[in-house]
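K.L.:
Mind having a look at this structure? Questions to follow.
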Amino acid sequence: MAVCTEKTLWSFMFLLTGAVGQTVIYPFTSTCAVRGSTVTLPCTFTPLKSFSDGQREVLLKIVRVRWCKNHSVCQGTTPSVYDSDSANIDPRYQYLGDKKTNCTLQIRDVQQRDNASFRFRMEADHPKGHFTNQTGVTVTVVDSSKMRIISSSDDKTVSRGETVTLLCASVCTFHQLEVTWFKDGHALSDTGSSLELDNVTAEDSGNYTCALKSIMETLSEPYSLQVEAEERQPVDGNLPLIVGVVSGVLLAVIAFILFIFIIRRKLAAAEDQRAVGGDPEQKLVETFLRYLVWCLLSCWL
């Protein structure tokens, strides 16, 4: 009896775990996309692991996954935008998931007919494992709205060497946006929704625009980016003082040399005057004093 009770308890817990785990989760139940863009519908699922047939636990395996449009259950002959059992699928719809946990769907080149509700359904190798989350994801298609550019820099004038990121955005929130970037009217090779300009120079200055790929009606207003010239190194505040000191020393040295040279000449002249008479000592003293004053004034100035 105890063994039977234990088996029953474990079977119940196993079944309960499987039942509780059977879910389909959409991170958001509505989104919008610009016509011609790409929109991604994230989705995760947890399948039923097993069920009890009254005597034993039967393991389940997911064998088919589907996405349908504007149908609450997405079963039977309901037209599917994606069906893992069918090869006749519109290539605009790409299943990015698997048959285990990921059920993400991507819609490329969004059209007005994609303005609808999309639901995911998993099907196992037994009907007990079939499940559809009827909440679904509602896609609203906006027709050719103009893009706009958002910059990582608050100021349109940036310094040389900085990094600036430009984002091409729309009124809608959508994923994996493919755009065409232009600089001064010339197309750039970048196609992502963001344009990163590393270590900018004066050559990066110009008017940038963006538009959804192949849809020029969505061309944004120009974003003007100006890169400042390289800043000059600041002048050392002590440089004038250093120059003044060096100049003063040089002038003093030159004055001293001139003073010695003049004294020697005056001494020689005094010797000559002594030979012919006169008072050379008095004249020598006067001359010495005059040149001493001159040298001091020269050194000071």
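Residues in the structure tokens are numbered from 1 in each chain, the chains being A, B, ... in the order shown, and ligands are numbered from 1 in the order shown.
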With only C-alpha atoms as the counted atoms, please give the residues lying no more than 8 Å from A:Ser224, apart from itself and same-chain residues fewer than 3 positions off, as a PyMOL selection string.
P.N.:
chain A and resi 156+205-208
K.L.:
Residues near A:Ser151, anyone? I mean within 10 Å using only C-alpha atoms, not counting same-chain ones fewer than 5 positions away, as a list in words.
P.N.:
Lys156, Val164, Thr165, Leu166, Leu167, Cys168, Ser194, Leu195, Glu196, Tyr223 and Leu225 of chain A
K.L.:
Write a file of the just-selected residues containing N, CA, C and O atoms, as a PDB file, in the first residue's frame.
P.N.:
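out22.pdb, freshly written:
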ATOM      1  N   LYS A 156      26.448  69.301 -30.863  1.00  0.00           N
ATOM      2  CA  LYS A 156      26.742  68.955 -32.252  1.00  0.00           C
ATOM      3  C   LYS A 156      28.179  69.276 -32.632  1.00  0.00           C
ATOM      4  O   LYS A 156      28.635  68.866 -33.703  1.00  0.00           O
ATOM      5  N   VAL A 164      31.602  59.313 -31.372  1.00  0.00           N
ATOM      6  CA  VAL A 164      30.206  59.749 -31.487  1.00  0.00           C
ATOM      7  C   VAL A 164      29.392  58.623 -32.112  1.00  0.00           C
ATOM      8  O   VAL A 164      29.798  58.037 -33.121  1.00  0.00           O
ATOM      9  N   THR A 165      28.245  58.300 -31.516  1.00  0.00           N
ATOM     10  CA  THR A 165      27.339  57.286 -32.047  1.00  0.00           C
ATOM     11  C   THR A 165      26.030  57.947 -32.464  1.00  0.00           C
ATOM     12  O   THR A 165      25.404  58.638 -31.654  1.00  0.00           O
ATOM     13  N   LEU A 166      25.639  57.724 -33.713  1.00  0.00           N
ATOM     14  CA  LEU A 166      24.381  58.251 -34.228  1.00  0.00           C
ATOM     15  C   LEU A 166      23.393  57.103 -34.363  1.00  0.00           C
ATOM     16  O   LEU A 166      23.729  56.050 -34.916  1.00  0.00           O
ATOM     17  N   LEU A 167      22.173  57.301 -33.873  1.00  0.00           N
ATOM     18  CA  LEU A 167      21.137  56.276 -33.923  1.00  0.00           C
ATOM     19  C   LEU A 167      20.020  56.726 -34.846  1.00  0.00           C
ATOM     20  O   LEU A 167      19.495  57.828 -34.704  1.00  0.00           O
ATOM     21  N   CYS A 168      19.659  55.866 -35.791  1.00  0.00           N
ATOM     22  CA  CYS A 168      18.555  56.136 -36.712  1.00  0.00           C
ATOM     23  C   CYS A 168      17.291  55.519 -36.115  1.00  0.00           C
ATOM     24  O   CYS A 168      17.178  54.293 -36.008  1.00  0.00           O
ATOM     25  N   SER A 194      22.608  51.944 -35.982  1.00  0.00           N
ATOM     26  CA  SER A 194      23.528  52.875 -35.333  1.00  0.00           C
ATOM     27  C   SER A 194      24.794  53.039 -36.166  1.00  0.00           C
ATOM     28  O   SER A 194      25.274  52.087 -36.786  1.00  0.00           O
ATOM     29  N   LEU A 195      25.303  54.254 -36.177  1.00  0.00           N
ATOM     30  CA  LEU A 195      26.536  54.597 -36.902  1.00  0.00           C
ATOM     31  C   LEU A 195      27.537  55.102 -35.880  1.00  0.00           C
ATOM     32  O   LEU A 195      27.321  56.138 -35.251  1.00  0.00           O
ATOM     33  N   GLU A 196      28.644  54.369 -35.711  1.00  0.00           N
ATOM     34  CA  GLU A 196      29.649  54.745 -34.707  1.00  0.00           C
ATOM     35  C   GLU A 196      30.855  55.378 -35.386  1.00  0.00           C
ATOM     36  O   GLU A 196      31.457  54.783 -36.282  1.00  0.00           O
ATOM     37  N   TYR A 223      21.467  65.843 -39.750  1.00  0.00           N
ATOM     38  CA  TYR A 223      22.116  66.074 -38.451  1.00  0.00           C
ATOM     39  C   TYR A 223      23.515  66.602 -38.744  1.00  0.00           C
ATOM     40  O   TYR A 223      24.339  65.911 -39.343  1.00  0.00           O
ATOM     41  N   LEU A 225      27.176  67.611 -37.897  1.00  0.00           N
ATOM     42  CA  LEU A 225      28.235  67.297 -36.935  1.00  0.00           C
ATOM     43  C   LEU A 225      29.481  68.093 -37.291  1.00  0.00           C
ATOM     44  O   LEU A 225      29.933  68.066 -38.438  1.00  0.00           O
TER      45      LEU A 225
END
K.L.:
Between atom CA of A:Thr132 and atom CA of A:Asn102, what is the distance in Å, rounded to a tenth?
P.N.:
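So the two atoms, atom CA of A:Thr132 and atom CA of A:Asn102, lie 14.4 Å apart.
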K.L.:
Return as a tab-separated table the residues of stretch 27-146 of chain A lying at most 8 Å from stretch 177-186 of chain A, together with the closest atom-to-atom pair for each and the distance in Å to one decimal, counting only C-alpha atoms, with rows in chain order and ascending residue number.
P.N.:
residue	atom	partner	partner_atom	distance
A:Ser37	CA	A:Leu177	CA	6.2
A:Thr38	CA	A:Leu177	CA	5.9
A:Val39	CA	A:Leu177	CA	7.9
K.L.:
Would you kindly return, as a VMD selection string, each protein, DNA or RNA residue with an atom no farther than 7 Å from any atom of A:Asp83, considering only C-alpha atoms and excluding same-chain residues fewer than 6 positions away?
P.N.:
chain A and resid 65 to 67
K.L.:
Enumerate the residues of stretch 16-244 of chain A with a DSSP assignment of helix (DSSP H, G or I), computed from the backbone, and present them as a ChimeraX atom specification.
P.N.:
/A:16-21,112-114,127-129,202-204,216-218,239-244
K.L.:
Residues of stretch 87-272 of chain A in strand (DSSP E) according to DSSP, as a ChimeraX atom specification?
P.N.:
/A:93-95,105-107,117-124,131-132,137-142,148-151,157-158,164-169,179-183,186-187,194-197,206-212,223-227
K.L.:
Write to file, as a PDB file, in the first residue's frame, the residues of the selection just made, with C-alpha atoms.
P.N.:
ATOM      1  CA  TYR A  93       8.814  35.017 -42.231  1.00  0.00           C
ATOM      2  CA  GLN A  94      11.869  33.482 -40.611  1.00  0.00           C
ATOM      3  CA  TYR A  95      11.665  31.178 -37.607  1.00  0.00           C
ATOM      4  CA  LEU A 105       9.662  34.780 -35.214  1.00  0.00           C
ATOM      5  CA  GLN A 106      11.145  37.469 -37.465  1.00  0.00           C
ATOM      6  CA  ILE A 107       9.191  39.311 -40.154  1.00  0.00           C
ATOM      7  CA  SER A 117      -2.201  39.286 -34.378  1.00  0.00           C
ATOM      8  CA  PHE A 118       0.361  36.460 -34.418  1.00  0.00           C
ATOM      9  CA  ARG A 119       0.243  33.334 -32.208  1.00  0.00           C
ATOM     10  CA  PHE A 120       2.592  30.430 -31.602  1.00  0.00           C
ATOM     11  CA  ARG A 121       1.514  26.787 -31.292  1.00  0.00           C
ATOM     12  CA  MET A 122       3.519  23.731 -30.291  1.00  0.00           C
ATOM     13  CA  GLU A 123       2.428  20.207 -31.163  1.00  0.00           C
ATOM     14  CA  ALA A 124       3.800  17.041 -29.574  1.00  0.00           C
ATOM     15  CA  PHE A 131      -0.707  24.024 -26.785  1.00  0.00           C
ATOM     16  CA  THR A 132      -1.396  27.555 -28.068  1.00  0.00           C
ATOM     17  CA  VAL A 137       1.451  39.470 -30.318  1.00  0.00           C
ATOM     18  CA  THR A 138      -0.317  42.321 -32.140  1.00  0.00           C
ATOM     19  CA  VAL A 139       1.746  44.065 -34.831  1.00  0.00           C
ATOM     20  CA  THR A 140       0.760  47.564 -35.938  1.00  0.00           C
ATOM     21  CA  VAL A 141       2.237  48.646 -39.270  1.00  0.00           C
ATOM     22  CA  VAL A 142       3.050  52.341 -39.789  1.00  0.00           C
ATOM     23  CA  ARG A 148      15.190  60.826 -37.009  1.00  0.00           C
ATOM     24  CA  ILE A 149      18.787  60.825 -35.809  1.00  0.00           C
ATOM     25  CA  ILE A 150      19.685  60.694 -32.116  1.00  0.00           C
ATOM     26  CA  SER A 151      23.283  61.431 -31.135  1.00  0.00           C
ATOM     27  CA  THR A 157      30.294  70.307 -32.001  1.00  0.00           C
ATOM     28  CA  VAL A 158      32.717  67.708 -30.628  1.00  0.00           C
ATOM     29  CA  VAL A 164      30.206  59.749 -31.487  1.00  0.00           C
ATOM     30  CA  THR A 165      27.339  57.286 -32.047  1.00  0.00           C
ATOM     31  CA  LEU A 166      24.381  58.251 -34.228  1.00  0.00           C
ATOM     32  CA  LEU A 167      21.137  56.276 -33.923  1.00  0.00           C
ATOM     33  CA  CYS A 168      18.555  56.136 -36.712  1.00  0.00           C
ATOM     34  CA  ALA A 169      15.189  55.882 -34.952  1.00  0.00           C
ATOM     35  CA  VAL A 179      18.878  51.570 -42.980  1.00  0.00           C
ATOM     36  CA  THR A 180      20.988  53.517 -45.435  1.00  0.00           C
ATOM     37  CA  TRP A 181      23.288  56.175 -43.986  1.00  0.00           C
ATOM     38  CA  PHE A 182      24.286  59.281 -45.920  1.00  0.00           C
ATOM     39  CA  LYS A 183      26.970  61.890 -45.347  1.00  0.00           C
ATOM     40  CA  HIS A 186      26.634  60.311 -50.335  1.00  0.00           C
ATOM     41  CA  ALA A 187      25.644  56.808 -49.212  1.00  0.00           C
ATOM     42  CA  SER A 194      23.528  52.875 -35.333  1.00  0.00           C
ATOM     43  CA  LEU A 195      26.536  54.597 -36.902  1.00  0.00           C
ATOM     44  CA  GLU A 196      29.649  54.745 -34.707  1.00  0.00           C
ATOM     45  CA  LEU A 197      32.330  57.305 -35.485  1.00  0.00           C
ATOM     46  CA  GLY A 206      29.276  67.091 -42.267  1.00  0.00           C
ATOM     47  CA  ASN A 207      25.519  66.563 -42.549  1.00  0.00           C
ATOM     48  CA  TYR A 208      24.308  63.031 -41.772  1.00  0.00           C
ATOM     49  CA  THR A 209      20.941  61.571 -42.775  1.00  0.00           C
ATOM     50  CA  CYS A 210      19.395  58.087 -42.713  1.00  0.00           C
ATOM     51  CA  ALA A 211      16.449  56.265 -44.245  1.00  0.00           C
ATOM     52  CA  LEU A 212      14.962  52.796 -44.208  1.00  0.00           C
ATOM     53  CA  TYR A 223      22.116  66.074 -38.451  1.00  0.00           C
ATOM     54  CA  SER A 224      25.056  68.495 -38.644  1.00  0.00           C
ATOM     55  CA  LEU A 225      28.235  67.297 -36.935  1.00  0.00           C
ATOM     56  CA  GLN A 226      31.235  69.602 -36.510  1.00  0.00           C
ATOM     57  CA  VAL A 227      34.618  68.427 -35.248  1.00  0.00           C
TER      58      VAL A 227
END
K.L.:
Just how far from atom CA of A:Leu96 is atom CA of A:Val171, in Å to one decimal?
P.N.:
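Computing the Euclidean distance for atom CA of A:Val171 and atom CA of A:Leu96 yields 25.4 Å.
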K.L.:
Quick one: pull the distance between atom CA of A:Cys103 and atom CA of A:Val24, Å, one decimal.
P.N.:
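Result for atom CA of A:Cys103 versus atom CA of A:Val24: 8.5 Å, one decimal.
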K.L.:
Using only C-alpha atoms for the distances, tell me which of A:Gln22, A:Ser145, A:Asn115, A:Asn199 is nearest to A:Leu60.
P.N.:
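Result for the nearest residue to A:Leu60: A:Gln22.
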K.L.:
Skip A:Val63 itself and residues of its chain fewer than 5 positions away, then list as a PyMOL selection string all residues within 10 Å of it, counting only C-alpha atoms.
P.N.:
chain A and resi 84-85+99-100+122-126+129-130
K.L.:
Take the residues that were just selected and, keeping N, CA and C atoms, output them as a compact mmCIF listing (two decimals), in the first residue's frame.
P.N.:
# COMPACT_ATOMS: atom_id res chain seq x y z
N SER A 84 6.73 24.24 -39.36
CA SER A 84 7.92 23.40 -39.50
C SER A 84 7.68 22.17 -40.38
N ASP A 85 6.41 21.83 -40.61
CA ASP A 85 6.08 20.68 -41.46
C ASP A 85 5.86 21.08 -42.91
N LYS A 99 12.70 23.53 -31.50
CA LYS A 99 11.59 22.73 -30.97
C LYS A 99 11.79 22.39 -29.50
N LYS A 100 12.58 23.23 -28.83
CA LYS A 100 12.89 22.97 -27.42
C LYS A 100 12.38 24.09 -26.51
N MET A 122 2.64 24.91 -30.30
CA MET A 122 3.52 23.73 -30.29
C MET A 122 2.65 22.48 -30.35
N GLU A 123 3.14 21.48 -31.05
CA GLU A 123 2.43 20.21 -31.16
C GLU A 123 3.40 19.07 -30.87
N ALA A 124 2.97 18.16 -29.98
CA ALA A 124 3.80 17.04 -29.57
C ALA A 124 3.39 15.78 -30.35
N ASP A 125 4.06 14.69 -30.01
CA ASP A 125 3.73 13.42 -30.67
C ASP A 125 2.48 12.78 -30.07
N HIS A 126 1.81 13.52 -29.20
CA HIS A 126 0.51 13.10 -28.67
C HIS A 126 -0.31 14.36 -28.45
N GLY A 129 0.10 17.03 -25.66
CA GLY A 129 1.17 18.00 -25.62
C GLY A 129 0.96 19.20 -26.51
N HIS A 130 -0.20 19.28 -27.20
CA HIS A 130 -0.49 20.43 -28.05
C HIS A 130 -0.87 21.65 -27.18
K.L.:
Measuring atom to atom with only C-alpha atoms, identify which of A:Arg108, A:Gly136, A:Leu250, A:Thr101 is nearest to A:Tyr26.
P.N.:
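Among A:Arg108, A:Gly136, A:Leu250, A:Thr101, it is A:Gly136 that comes nearest to A:Tyr26.
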K.L.:
Which residue out of A:Arg35, A:His71, A:Arg56, A:Lys213 has the minimum interatomic distance to A:Asp114 when only C-alpha atoms are used?
P.N.:
A:Arg35
